[in-house]
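Notes for the one structure printed next.
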Amino acid sequence: MDLQYSARDLARAAVIAAAYAALAWISNFFGLAFPAIQFRLSEALCVLPCRDRKAAIPGLAVGCLITNLLSPYGLLDLVIGTLATLLAAVWSGRCRSAWTAAVPPVVCNMVLVGAMLAWESAGFSAAFAGLFAYNALTVGIGEAAVCFLLGVPLLRALEKRAIA
């Protein structure tokens with residue numbers, strides 16, 4: 001990936017970051033952003049790297065970082081949650097279709113956020129494995145719903161309008 005960013009690239013990344021943060025804050029207002037079954041509307045944007053890696057990868061990471069300032073899990077979510085989004089964005093950027101681009105955010109959030117939530121509740125006690133399985137499942141359900149039901153149609157609509 002070319003590391004030279006034009007003003008246009010930076011502006012697109014900033015718009016994506018702002019959109020991610022705004023949609024996540026709307027989700028948070030309705031209590032959907034941080035519970036076990038997370039339904040962050042902003043996660044629909046996680047398919048964008050499939051068509052615009054240069055702007056979408058940094059935009060999603062910064063938007064997630066800003067969003068996680070609201071997290072009840074504090075610094076842990078600032079690091080782990082943002083890392084999950086960054087890894088998912090990089091992986092989605094290597095996908096060729098909207099359907100395959102929706103898979104990395106689901107997997108990354110299931111594993112990393114599921115583990116973070118389990119650790120937050122139980123540390124590395126005997127209860128960790130069960131809590132991890134539960135949290136991975138619930139986070140995965142919410143993430144899959146948003147990415148496949150909102151993200152895939154969003155990307156297809158943007159492709160039809162030649163925006164993405």
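Residues in the structure tokens are named by chain (A, B, ... in the order shown) and by number from 1 within that chain; ligands are numbered from 1 in the order shown.
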Quiz item: Among region 87-163 of chain A, which ones does DSSP place in alpha helix (DSSP H), written as a ChimeraX atom specification?
Solution: /A:87-92,98-101,103-108,114-122,128-146,152-160
Exercise. Would you mind listing what lies within 7 Å of Ala98 (chain A) as a list of chain:residue names, with only C-alpha atoms counted and same-chain residues fewer than 3 positions away left out?
Key: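 The neighbour list is A:Val47, A:Cys50, A:Ala101, A:Ala102, A:Val152, A:Leu155.
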Quiz item: Near Leu41 (chain A), counting only C-alpha atoms, which residues have an atom at most 12 Å away, once you skip same-chain residues fewer than 4 positions from it, shown as an MDAnalysis selection string?
Solution: chainID A and resid 19:34 45:46 64 67 142:151 154
Quiz item: Can you list, as a VMD selection string, every protein, DNA or RNA residue that comes within 12 Å of Gly93 (chain A) when you count only C-alpha atoms, leaving out same-chain residues fewer than 6 positions away?
Solution: chain A and resid 1 46 to 58 60 85 to 87 100 to 105
Quiz prompt | Distance of CA of Glu43 (chain A) from CA of Phe128 (chain A), expressed in Å to one decimal place | solution =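 About the pair CA of Phe128 (chain A) and CA of Glu43 (chain A): they are 26.0 Å apart.
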May I have the residues within 9 Å of Gly114 (chain A) as a PDB file with N, CA and C atoms, in the first residue's frame, using only C-alpha atoms and disregarding those fewer than 2 positions away in the same chain?
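Below is the file that was written, out-v6.pdb:
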ATOM      1  N   ALA A  36     -23.184  -7.094  25.892  1.00  0.00           N
ATOM      2  CA  ALA A  36     -22.698  -8.384  25.385  1.00  0.00           C
ATOM      3  C   ALA A  36     -23.056  -8.554  23.910  1.00  0.00           C
ATOM      4  N   ASN A 109     -13.596  -9.291  16.063  1.00  0.00           N
ATOM      5  CA  ASN A 109     -14.319  -8.841  17.251  1.00  0.00           C
ATOM      6  C   ASN A 109     -14.742 -10.006  18.131  1.00  0.00           C
ATOM      7  N   MET A 110     -15.150 -11.121  17.519  1.00  0.00           N
ATOM      8  CA  MET A 110     -15.483 -12.296  18.331  1.00  0.00           C
ATOM      9  C   MET A 110     -14.297 -12.682  19.210  1.00  0.00           C
ATOM     10  N   VAL A 111     -13.137 -12.792  18.599  1.00  0.00           N
ATOM     11  CA  VAL A 111     -11.964 -13.281  19.321  1.00  0.00           C
ATOM     12  C   VAL A 111     -11.431 -12.232  20.298  1.00  0.00           C
ATOM     13  N   LEU A 112     -11.112 -11.049  19.804  1.00  0.00           N
ATOM     14  CA  LEU A 112     -10.454 -10.055  20.663  1.00  0.00           C
ATOM     15  C   LEU A 112     -11.404  -9.416  21.677  1.00  0.00           C
ATOM     16  N   MET A 116     -11.544  -9.966  25.677  1.00  0.00           N
ATOM     17  CA  MET A 116     -11.454  -8.806  26.567  1.00  0.00           C
ATOM     18  C   MET A 116     -12.595  -8.799  27.579  1.00  0.00           C
ATOM     19  N   LEU A 117     -13.812  -9.045  27.107  1.00  0.00           N
ATOM     20  CA  LEU A 117     -14.968  -9.058  28.006  1.00  0.00           C
ATOM     21  C   LEU A 117     -14.857 -10.192  29.030  1.00  0.00           C
ATOM     22  N   ALA A 118     -14.386 -11.362  28.589  1.00  0.00           N
ATOM     23  CA  ALA A 118     -14.220 -12.484  29.508  1.00  0.00           C
ATOM     24  C   ALA A 118     -13.151 -12.168  30.554  1.00  0.00           C
ATOM     25  N   TRP A 119     -12.050 -11.595  30.111  1.00  0.00           N
ATOM     26  CA  TRP A 119     -10.978 -11.252  31.048  1.00  0.00           C
ATOM     27  C   TRP A 119     -11.440 -10.188  32.032  1.00  0.00           C
ATOM     28  N   LEU A 131     -16.793 -17.964  29.819  1.00  0.00           N
ATOM     29  CA  LEU A 131     -17.161 -16.577  29.531  1.00  0.00           C
ATOM     30  C   LEU A 131     -16.674 -16.143  28.151  1.00  0.00           C
ATOM     31  N   PHE A 132     -15.488 -16.611  27.769  1.00  0.00           N
ATOM     32  CA  PHE A 132     -14.996 -16.288  26.436  1.00  0.00           C
ATOM     33  C   PHE A 132     -15.930 -16.854  25.370  1.00  0.00           C
ATOM     34  N   ALA A 133     -16.324 -18.104  25.509  1.00  0.00           N
ATOM     35  CA  ALA A 133     -17.236 -18.717  24.533  1.00  0.00           C
ATOM     36  C   ALA A 133     -18.541 -17.934  24.452  1.00  0.00           C
ATOM     37  N   TYR A 134     -19.086 -17.578  25.600  1.00  0.00           N
ATOM     38  CA  TYR A 134     -20.345 -16.816  25.632  1.00  0.00           C
ATOM     39  C   TYR A 134     -20.167 -15.444  24.972  1.00  0.00           C
ATOM     40  N   ASN A 135     -19.127 -14.721  25.368  1.00  0.00           N
ATOM     41  CA  ASN A 135     -18.911 -13.376  24.829  1.00  0.00           C
ATOM     42  C   ASN A 135     -18.556 -13.398  23.353  1.00  0.00           C
ATOM     43  N   ALA A 136     -17.769 -14.369  22.929  1.00  0.00           N
ATOM     44  CA  ALA A 136     -17.449 -14.478  21.505  1.00  0.00           C
ATOM     45  C   ALA A 136     -18.726 -14.705  20.702  1.00  0.00           C
ATOM     46  N   LEU A 137     -19.602 -15.561  21.203  1.00  0.00           N
ATOM     47  CA  LEU A 137     -20.859 -15.832  20.520  1.00  0.00           C
ATOM     48  C   LEU A 137     -21.743 -14.587  20.457  1.00  0.00           C
ATOM     49  N   THR A 138     -21.911 -13.896  21.577  1.00  0.00           N
ATOM     50  CA  THR A 138     -22.814 -12.743  21.589  1.00  0.00           C
ATOM     51  C   THR A 138     -22.253 -11.566  20.790  1.00  0.00           C
ATOM     52  N   VAL A 139     -20.960 -11.316  20.925  1.00  0.00           N
ATOM     53  CA  VAL A 139     -20.344 -10.246  20.131  1.00  0.00           C
ATOM     54  C   VAL A 139     -20.423 -10.604  18.648  1.00  0.00           C
ATOM     55  N   GLY A 140     -20.174 -11.861  18.327  1.00  0.00           N
ATOM     56  CA  GLY A 140     -20.239 -12.325  16.936  1.00  0.00           C
ATOM     57  C   GLY A 140     -21.624 -12.173  16.339  1.00  0.00           C
TER      58      GLY A 140
END
